[in-house]
Each structure stands twice: as C-alpha cells, then as structure tokens.
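See below for the structure under consideration.
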Amino acid sequence: MPSLMLHHVSIPITNIDRSLAFYRDIFELQPLPRPNFPIGGAWLACGDRQVHLVEHADATFRNGDIDNNDIHFAFRTDDFDAVVAKLEAHGFSQTAPNDDPRRIMMKRTGAAGFAQLYVLDPDRNVVEVNAAAV
C-alpha cells in the first residue's frame, strides 16, 4: 500500500470571521490561499499540515460540556504551559463551569501518558492540545 500522511482537517463552522479569529489569534495559524469554492471558508497552515474551516449552516449538533470522547482533532505543542497561558489570556479557564464554552478541560497526567487539554471553538467543535512526544 502507498504511504499516507494527514494533509488537512476540515472543521464545519457557521461564521468565518469568528472562527478565523479563534484559530488565528489563539493557535497562531496563518491563512493560506484558498480556491474560490461556492461556500465560504478559510485554509490555515499548521506546520506542514492544514486546517480547513468550511462554512455550514448547521455546523455542529453539540451542546453542553466538553466531551473528549467526541469527534475532535489535536494540535501537538512543545510548550504546553505557553498554550495554557495563551488560552487564559483569551478568557479560557480551567475553573469555568462545565457548560461554559470557555472552559479548559485539563488532563496533565492521564492514560495517554502526556499532558492534554480540550477546549471548544466558537461552534463547539472539540479541539485538543497535547504535549505528545514527536
């Protein structure tokens, strides 16, 4: 079988400006050129991979608490505490109530063997950040 590698993750969103600000300002992803598709969206660079934001009227069916067992994708970082500080600077908190969209679900030591956190993007998509070894 030919070798495979992940090229991009596609995230359904309802408001391009709001979601673009979230991924650009918090995770520092940089916009990439995008073809003129008939639907709105943005492509963002994440290292040598990409995150594609795609406008969709019903972007998610999620509500309530963060569920790390739900569909999600993960960013890996070599400075976990800096990401925590960046999230906190943008109003996210580990002590926020479970149903608060700015809650950080933290797992500094867990079954995975590396630190993990989970947050919700503006459309309640679950985003993981971890300190997994490369």
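Every chain in the structure tokens has a letter given in the order shown (A, B, ...), and although residue numbers restart at 1 in each chain, ligands are simply numbered from 1 in the order shown.
DSSP on the backbone gives helix (DSSP H, G or I) for these parts of range 46-113 of chain A: Phe80, Asp81, Ala82, Val83, Val84, Ala85, Lys86, Leu87, Glu88 and Ala89 of chain A.
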May I have the residues from that selection written out with C-alpha atoms, as a PDB file, in the first residue's frame?
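Done, and the output landed in out_24.pdb:
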ATOM      1  CA  PHE A  80       2.130  23.106  26.784  1.00  0.00           C
ATOM      2  CA  ASP A  81       2.173  25.771  29.503  1.00  0.00           C
ATOM      3  CA  ALA A  82       2.511  28.557  26.923  1.00  0.00           C
ATOM      4  CA  VAL A  83      -0.651  27.301  25.195  1.00  0.00           C
ATOM      5  CA  VAL A  84      -2.466  27.232  28.542  1.00  0.00           C
ATOM      6  CA  ALA A  85      -1.324  30.820  29.199  1.00  0.00           C
ATOM      7  CA  LYS A  86      -2.461  31.911  25.708  1.00  0.00           C
ATOM      8  CA  LEU A  87      -5.897  30.365  26.223  1.00  0.00           C
ATOM      9  CA  GLU A  88      -6.204  32.016  29.631  1.00  0.00           C
ATOM     10  CA  ALA A  89      -5.212  35.378  28.105  1.00  0.00           C
TER      11      ALA A  89
END
When you look at His7 in chain A with a cut-off of 12 Å (counting only C-alpha atoms), what residues show up, excluding the ones that are within fewer than 2 positions of it in the same chain? I need them as number ranges by chain. A: 4-5, 9-10, 43-52
Counting only C-alpha atoms, which of A:Leu120, A:Met106, A:Ala96, A:Ala42 gets nearest to Ile66 in chain A? A:Leu120
One decimal, Å: what's the distance from CA of Arg102 in chain A over to CA of Val119 in chain A, could you say? 7.0 Å
Which residue is closest to Val134 in chain A? Choose from A:Ser19, A:Glu28, A:Pro2, A:Asp78 and count only C-alpha atoms.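 Using only C-alpha atoms, the shortest distance to Val134 in chain A belongs to A:Asp78.
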Expressed in Å, the length from CA of Gly41 in chain A to CA of Asp99 in chain A is 27.4 Å
Report as a ChimeraX atom specification: the residues of chain A with a DSSP assignment of strand (DSSP E or B), based on the backbone of this structure. /A:8-13,30-32,41-46,49-55,72-76,93,103,105-107,116-120,126-130
Which neighbours of range 110-117 of chain A fall inside 6 Å, counting only C-alpha atoms, when residues of the same chain fewer than 2 positions from it are skipped, and could you give them as a ChimeraX atom specification? /A:105-108,128-132
Mind dumping the selected residues with C-alpha atoms as a CSV table (one decimal), in the first residue's frame?
chain,number,residue,atom,x,y,z
A,105,MET,CA,-10.7,20.6,30.4
A,106,MET,CA,-7.2,19.7,31.6
A,107,LYS,CA,-5.5,16.3,31.8
A,108,ARG,CA,-1.9,16.9,32.9
A,128,GLU,CA,-7.3,19.0,21.8
A,129,VAL,CA,-3.8,20.4,22.5
A,130,ASN,CA,-1.3,17.9,23.8
A,131,ALA,CA,2.4,17.5,24.6
A,132,ALA,CA,2.8,14.1,22.9
Closest to Asn125 in chain A among A:Phe73, A:Gly40, A:Pro33, A:His56, using only C-alpha atoms?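 The shortest atom-to-atom distance to Asn125 in chain A comes from A:Phe73.
Going from CA of Asp123 in chain A over to CA of Ile13 in chain A, you cover 5.9 Å.
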Find the residues near Pro101 in chain A: any atom within 12 Å, counting only C-alpha atoms, skip ones fewer than 5 places away on the same chain, and give them as a compact mmCIF listing (two decimals) with C-alpha atoms, in the first residue's frame.
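Output (part08.txt):
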# COMPACT_ATOMS: atom_id res chain seq x y z
CA ARG A 62 -23.01 19.60 20.11
CA ASN A 63 -24.17 21.30 23.25
CA GLY A 64 -23.32 21.05 26.92
CA ASP A 65 -19.98 20.04 28.40
CA ILE A 66 -16.71 19.30 26.60
CA ASP A 67 -16.60 15.61 25.74
CA GLY A 91 -10.62 34.29 28.59
CA PHE A 92 -10.49 30.50 28.83
CA SER A 93 -10.30 28.97 32.31
CA GLN A 94 -9.86 25.59 33.96
CA THR A 95 -12.22 26.72 36.72
CA ALA A 96 -15.06 27.78 34.42
CA TYR A 118 -9.57 20.27 25.50
CA VAL A 119 -11.45 23.43 24.54
CA LEU A 120 -14.41 24.29 22.34
CA ASP A 121 -14.10 26.51 19.29
CA PRO A 122 -16.85 29.10 18.60
CA ASP A 123 -19.04 26.39 17.01
CA ARG A 124 -18.44 23.96 19.88
CA ASN A 125 -16.06 21.75 17.92
CA VAL A 126 -13.75 19.96 20.37
CA VAL A 127 -10.07 20.90 19.99
